[in-house]
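Participant: Provided herewith: final-v1.pdb, PDB, C-alpha atoms.
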```pdb
ATOM      1  CA  MET A 156     157.461 118.950  60.002
ATOM      2  CA  ASP A 157     157.646 118.692  63.790
ATOM      3  CA  ASN A 158     157.515 121.817  65.958
ATOM      4  CA  ILE A 159     158.687 121.029  69.511
ATOM      5  CA  ILE A 160     157.580 123.581  72.125
ATOM      6  CA  SER A 161     157.804 122.974  75.885
ATOM      7  CA  GLY A 162     158.362 119.253  75.385
ATOM      8  CA  GLN A 163     155.343 118.871  73.090
ATOM      9  CA  SER A 164     155.476 117.816  69.452
ATOM     10  CA  GLN A 165     153.138 119.587  67.033
ATOM     11  CA  GLN A 166     152.640 118.717  63.381
ATOM     12  CA  VAL A 167     153.143 121.798  61.190
ATOM     13  CA  GLU A 168     151.590 121.795  57.722
ATOM     14  CA  ASP A 169     153.841 122.727  54.808
ATOM     15  CA  THR A 170     151.476 125.104  52.997
ATOM     16  CA  ASP A 171     153.755 125.487  49.956
ATOM     17  CA  GLY A 172     154.106 121.722  49.671
ATOM     18  CA  THR A 173     150.344 121.223  49.927
ATOM     19  CA  ARG A 174     149.762 123.874  47.269
ATOM     20  CA  VAL A 175     152.250 122.187  44.924
ATOM     21  CA  GLN A 176     150.555 118.840  45.559
ATOM     22  CA  ASN A 177     147.126 120.207  44.623
ATOM     23  CA  GLU A 178     148.354 122.063  41.530
ATOM     24  CA  PHE A 179     150.497 119.161  40.328
ATOM     25  CA  SER A 180     147.537 116.801  40.723
ATOM     26  CA  LYS A 181     145.420 119.167  38.605
ATOM     27  CA  PHE A 182     148.208 119.282  35.998
ATOM     28  CA  LEU A 183     148.392 115.486  35.748
ATOM     29  CA  LYS A 184     144.630 115.161  35.354
ATOM     30  CA  THR A 185     143.913 118.040  32.975
ATOM     31  CA  PHE A 186     147.002 118.788  30.865
ATOM     32  CA  ARG A 187     146.543 118.219  27.116
ATOM     33  CA  ASP A 188     149.270 118.161  24.484
ATOM     34  CA  SER A 189     149.248 119.783  21.027
ATOM     35  CA  ASN A 190     146.989 116.979  19.765
ATOM     36  CA  ASP A 191     144.490 117.674  22.545
ATOM     37  CA  GLU A 192     145.322 114.346  24.183
ATOM     38  CA  PRO A 193     145.349 113.966  27.999
ATOM     39  CA  LEU A 194     149.012 112.941  27.937
ATOM     40  CA  TYR A 195     149.648 112.279  31.620
ATOM     41  CA  LYS A 196     146.213 110.848  32.280
ATOM     42  CA  HIS A 197     147.074 108.094  29.795
ATOM     43  CA  ALA A 198     150.530 107.688  31.372
ATOM     44  CA  MET A 199     149.026 107.225  34.837
ATOM     45  CA  LYS A 200     146.901 104.331  33.576
ATOM     46  CA  ASP A 201     150.093 102.525  32.561
ATOM     47  CA  LEU A 202     151.378 102.700  36.159
ATOM     48  CA  VAL A 203     148.979  99.908  37.070
ATOM     49  CA  GLN A 204     151.365  97.502  35.326
ATOM     50  CA  PRO A 205     153.650  95.800  37.889
ATOM     51  CA  GLU A 206     156.884  96.829  36.121
ATOM     52  CA  ARG A 207     155.933 100.523  35.908
ATOM     53  CA  ASN A 208     156.316 102.938  38.827
ATOM     54  CA  THR A 209     157.582 106.212  37.298
ATOM     55  CA  ILE A 210     155.912 108.934  35.258
ATOM     56  CA  PHE A 211     158.081 111.184  33.062
ATOM     57  CA  VAL A 212     157.048 114.850  32.981
ATOM     58  CA  ASP A 213     158.285 117.443  30.502
ATOM     59  CA  MET A 214     159.208 120.671  32.319
ATOM     60  CA  GLN A 215     158.065 122.675  29.285
ATOM     61  CA  HIS A 216     154.574 121.259  29.813
ATOM     62  CA  LEU A 217     154.693 122.396  33.424
ATOM     63  CA  TYR A 218     155.777 125.902  32.410
ATOM     64  CA  SER A 219     152.968 126.162  29.863
ATOM     65  CA  PHE A 220     150.444 124.964  32.453
ATOM     66  CA  SER A 221     151.597 127.174  35.325
ATOM     67  CA  ASN A 222     154.774 129.228  35.407
ATOM     68  CA  ASN A 223     154.443 129.662  39.178
ATOM     69  CA  LEU A 224     154.171 125.893  39.766
ATOM     70  CA  ALA A 225     157.133 125.089  37.501
ATOM     71  CA  THR A 226     159.316 127.771  39.131
ATOM     72  CA  THR A 227     158.486 126.522  42.631
ATOM     73  CA  ILE A 228     159.392 122.963  41.651
ATOM     74  CA  GLU A 229     162.648 124.112  40.039
ATOM     75  CA  LEU A 230     163.789 126.232  43.000
ATOM     76  CA  GLN A 231     162.501 123.994  45.848
ATOM     77  CA  TYR A 232     162.677 120.579  44.207
ATOM     78  CA  TYR A 233     163.989 118.617  47.202
ATOM     79  CA  ARG A 234     161.347 120.124  49.487
ATOM     80  CA  VAL A 235     158.303 119.601  47.241
ATOM     81  CA  TYR A 236     159.252 116.306  45.562
ATOM     82  CA  PRO A 237     157.465 114.104  48.182
ATOM     83  CA  PHE A 238     154.295 116.163  47.619
ATOM     84  CA  MET A 239     154.564 115.606  43.856
ATOM     85  CA  CYS A 240     154.859 111.843  44.367
ATOM     86  CA  GLU A 241     151.865 111.913  46.717
ATOM     87  CA  ALA A 242     149.852 113.859  44.121
ATOM     88  CA  LEU A 243     150.765 111.263  41.495
ATOM     89  CA  HIS A 244     149.819 108.417  43.832
ATOM     90  CA  LEU A 245     146.394 109.837  44.684
ATOM     91  CA  ALA A 246     145.634 110.861  41.083
ATOM     92  CA  THR A 247     146.560 107.384  39.840
ATOM     93  CA  ILE A 248     144.317 105.731  42.440
ATOM     94  CA  ASP A 249     141.419 108.025  41.469
ATOM     95  CA  GLY A 250     141.775 107.107  37.805
ATOM     96  CA  CYS A 251     142.256 103.340  38.035
ATOM     97  CA  ASP A 252     139.648 100.586  38.043
ATOM     98  CA  GLU A 253     138.207  99.202  41.263
ATOM     99  CA  ASN A 254     140.068  95.916  40.723
ATOM    100  CA  ASP A 255     143.442  97.694  40.559
ATOM    101  CA  ARG A 256     142.819 100.195  43.339
ATOM    102  CA  GLN A 257     143.832  97.933  46.219
ATOM    103  CA  GLN A 258     147.104  97.108  44.519
ATOM    104  CA  MET A 259     147.876 100.790  43.866
ATOM    105  CA  PHE A 260     147.412 101.709  47.531
ATOM    106  CA  LYS A 261     150.511  99.628  48.337
ATOM    107  CA  LYS A 262     152.614 100.745  45.366
ATOM    108  CA  GLN A 263     155.236 103.498  45.590
ATOM    109  CA  LEU A 264     155.198 105.868  42.594
ATOM    110  CA  TYR A 265     157.831 108.367  41.441
ATOM    111  CA  VAL A 266     158.040 111.486  39.263
ATOM    112  CA  SER A 267     160.895 112.056  36.810
ATOM    113  CA  LEU A 268     161.368 115.507  35.235
ATOM    114  CA  PHE A 269     163.237 116.300  32.010
ATOM    115  CA  ASN A 270     163.746 119.072  29.432
ATOM    116  CA  LEU A 271     164.750 121.767  31.918
ATOM    117  CA  ASP A 272     165.632 125.068  30.226
ATOM    118  CA  ALA A 273     168.754 126.203  32.069
ATOM    119  CA  LYS A 274     171.980 124.249  31.596
ATOM    120  CA  THR A 275     174.697 124.581  34.260
ATOM    121  CA  ALA A 276     178.365 123.678  33.870
ATOM    122  CA  VAL A 277     179.993 121.689  36.672
ATOM    123  CA  ARG A 278     182.261 124.583  37.660
ATOM    124  CA  GLU A 279     179.223 126.863  37.994
ATOM    125  CA  LEU A 280     177.570 124.734  40.667
ATOM    126  CA  SER A 281     177.312 126.606  43.967
ATOM    127  CA  ALA A 282     175.690 126.264  47.375
ATOM    128  CA  ASP A 283     172.633 128.310  46.381
ATOM    129  CA  LYS A 284     171.618 125.511  43.987
ATOM    130  CA  VAL A 285     171.412 122.898  46.766
ATOM    131  CA  GLY A 286     167.862 121.546  46.944
ATOM    132  CA  GLY A 287     166.921 122.893  43.526
ATOM    133  CA  LEU A 288     166.463 121.182  40.177
ATOM    134  CA  VAL A 289     169.572 121.593  38.015
ATOM    135  CA  ARG A 290     170.464 120.459  34.499
ATOM    136  CA  ILE A 291     174.210 119.727  34.416
ATOM    137  CA  ALA A 292     176.468 119.749  31.371
ATOM    138  CA  GLY A 293     179.746 117.842  31.632
ATOM    139  CA  GLN A 294     181.783 114.818  30.630
ATOM    140  CA  ILE A 295     181.555 111.499  32.464
ATOM    141  CA  VAL A 296     185.120 110.432  33.269
ATOM    142  CA  ARG A 297     184.452 107.531  35.624
ATOM    143  CA  THR A 298     181.536 105.267  36.504
ATOM    144  CA  HIS A 299     180.983 103.252  39.657
ATOM    145  CA  PRO A 300     179.043 100.017  40.299
ATOM    146  CA  VAL A 301     175.328 100.278  41.007
ATOM    147  CA  HIS A 302     174.608  99.963  44.739
ATOM    148  CA  PRO A 303     171.204  99.585  46.425
ATOM    149  CA  GLU A 304     170.356 102.349  48.883
ATOM    150  CA  LEU A 305     167.799 102.268  51.678
ATOM    151  CA  SER A 306     165.001 104.733  50.878
ATOM    152  CA  ARG A 307     162.427 103.769  53.534
ATOM    153  CA  ALA A 308     162.605 101.544  56.603
ATOM    154  CA  CYS A 309     160.147  99.672  58.804
ATOM    155  CA  PHE A 310     160.717  99.589  62.603
ATOM    156  CA  ILE A 311     159.293  97.267  65.280
ATOM    157  CA  CYS A 312     159.411  98.323  68.943
ATOM    158  CA  ASP A 313     161.119  95.712  71.155
ATOM    159  CA  ASP A 314     159.005  96.744  74.173
ATOM    160  CA  CYS A 315     155.439  96.933  72.859
ATOM    161  CA  GLY A 316     155.625  95.420  69.376
ATOM    162  CA  VAL A 317     154.289  98.529  67.602
ATOM    163  CA  THR A 318     155.236  98.588  63.908
ATOM    164  CA  THR A 319     156.111 101.881  62.208
ATOM    165  CA  ARG A 320     156.349 101.706  58.426
ATOM    166  CA  ASP A 321     157.802 103.925  55.705
ATOM    167  CA  VAL A 322     160.287 105.917  57.800
ATOM    168  CA  GLN A 323     162.114 107.963  55.167
ATOM    169  CA  GLN A 324     165.903 107.638  55.216
ATOM    170  CA  GLN A 325     167.707 110.939  54.703
ATOM    171  CA  PHE A 326     171.000 109.940  53.069
ATOM    172  CA  ARG A 327     171.937 107.872  56.146
ATOM    173  CA  TYR A 328     170.345 105.361  58.514
ATOM    174  CA  THR A 329     167.532 107.291  60.240
ATOM    175  CA  GLN A 330     165.606 105.788  63.164
ATOM    176  CA  LYS A 331     161.952 106.427  63.978
ATOM    177  CA  ARG A 332     161.412 109.732  65.795
ATOM    178  CA  ASP A 333     159.717 109.490  69.205
ATOM    179  CA  GLY A 334     157.231 112.299  68.598
ATOM    180  CA  GLU A 335     154.091 110.536  69.843
ATOM    181  CA  GLU A 336     152.915 111.220  73.393
ATOM    182  CA  GLU A 337     152.963 107.594  74.507
ATOM    183  CA  TYR A 338     156.599 107.125  73.480
ATOM    184  CA  ARG A 339     158.070 110.159  75.199
ATOM    185  CA  GLU A 340     157.985 108.892  78.789
ATOM    186  CA  LYS A 341     160.722 106.325  78.256
ATOM    187  CA  LYS A 342     163.174 105.409  75.549
ATOM    188  CA  LYS A 343     162.077 102.684  73.164
ATOM    189  CA  LYS A 344     164.329 100.279  71.314
ATOM    190  CA  PHE A 345     163.479  99.643  67.683
ATOM    191  CA  ASN A 346     164.595  96.928  65.300
ATOM    192  CA  ALA A 347     164.715  97.784  61.600
ATOM    193  CA  ILE A 348     163.287  95.447  58.975
ATOM    194  CA  PHE A 349     164.771  95.651  55.497
ATOM    195  CA  GLY A 350     163.164  94.374  52.321
ATOM    196  CA  PRO A 351     163.580  94.748  48.579
ATOM    197  CA  LYS A 352     160.638  97.155  48.295
ATOM    198  CA  LEU A 353     162.443  99.576  50.634
ATOM    199  CA  LEU A 354     165.595  99.738  48.523
ATOM    200  CA  SER A 355     166.404 101.913  45.533
ATOM    201  CA  SER A 356     169.329 101.605  43.149
ATOM    202  CA  GLY A 357     171.852 104.412  42.877
ATOM    203  CA  TYR A 358     174.151 104.881  39.895
ATOM    204  CA  PHE A 359     177.210 106.970  40.678
ATOM    205  CA  PHE A 360     179.644 108.599  38.272
ATOM    206  CA  THR A 361     182.374 111.256  38.260
ATOM    207  CA  LEU A 362     181.694 114.309  36.114
ATOM    208  CA  SER A 363     184.036 117.030  34.856
ATOM    209  CA  ASP A 364     183.791 120.029  32.521
TER     210      ASP A 364
END
```
Taking this structure as input, can you express it in the form of structure tokens?
Facilitator:
Amino acid sequence: MDNIISGQSQQVEDTDGTRVQNEFSKFLKTFRDSNDEPLYKHAMKDLVQPERNTIFVDMQHLYSFSNNLATTIELQYYRVYPFMCEALHLATIDGCDENDRQQMFKKQLYVSLFNLDAKTAVRELSADKVGGLVRIAGQIVRTHPVHPELSRACFICDDCGVTTRDVQQQFRYTQKRDGEEEYREKKKKFNAIFGPKLLSSGYFFTLSD
């Protein structure tokens, strides 16, 4: 998060996000199922395979591990999700072989959650649930074609040739922010580079009660 005071840009640490990242990393590395198997530690090893990039986490496992962690994720899901993915990425790198480590540094990993307790009807959705994790009950009445969506972009400065990678796109085309000291004196023009690794597929449907 950027904090701009008197024309200066300061990086502000998200303490809650960092806490979630540390606790979620501990969960992935240490959680054991009813058979005393390190369930997610085994799952992270499978992420080395080229076709795998997502780990599926049971919310009931999170609640049994730490009620505080699970509640924070449920109520502030949109805010803490990037920290969960970062925790997964670092934990996977720590647990993989030296030969696979270089490949994993470049790979984007994702967390998928399921088995949430509360079920919400479509008509019960309200503004206070924005940003949280919600389990919706309804009937699909219409589906739409799958469209690729830009998730991250890479920008090259036309003036100095500096490349800025992995600029997160927030539901619309988002340019690089000029927060660095050397870029504030004059406006810079950036060209965006798009590639298949920066795109994600979105499946849209219409839901009713």
Participant: Report as a list in words the full result of the PyMOL selection byres ((chain A and resi 188-205) around 10) when it is applied to this structure.
Facilitator: Phe182, Leu183, Lys184, Thr185, Phe186, Arg187, Glu206, Arg207, Asn208, Thr209, Ile210, Phe211, Val212, His216, Leu243, His244, Ala246, Thr247, Ile248, Gly250, Cys251, Asp252, Asp255, Arg256, Gln258, Met259, Lys262 and Leu264 of chain A
Participant: Could you list, as a PyMOL selection string, every residue within 12 Å of A:Ala225, counting all atoms listed in the file and ignoring same-chain residues fewer than 4 positions away?
Facilitator: chain A and resi 175+178-179+182+212-221+229-232+235+239+268+271-272+287-288
Participant: What is the distance, in Å and to one decimal place, between atom CA of A:Phe359 and atom CA of A:Ile291?
Facilitator: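 Those two atoms sit 14.5 Å apart.
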Participant: Which is closer to A:Ala292 than all the others in A:Thr227, A:Ser363, A:Glu253, A:Asp314, using only C-alpha atoms?
Facilitator: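 So, comparing all the options, the nearest one is A:Ser363.
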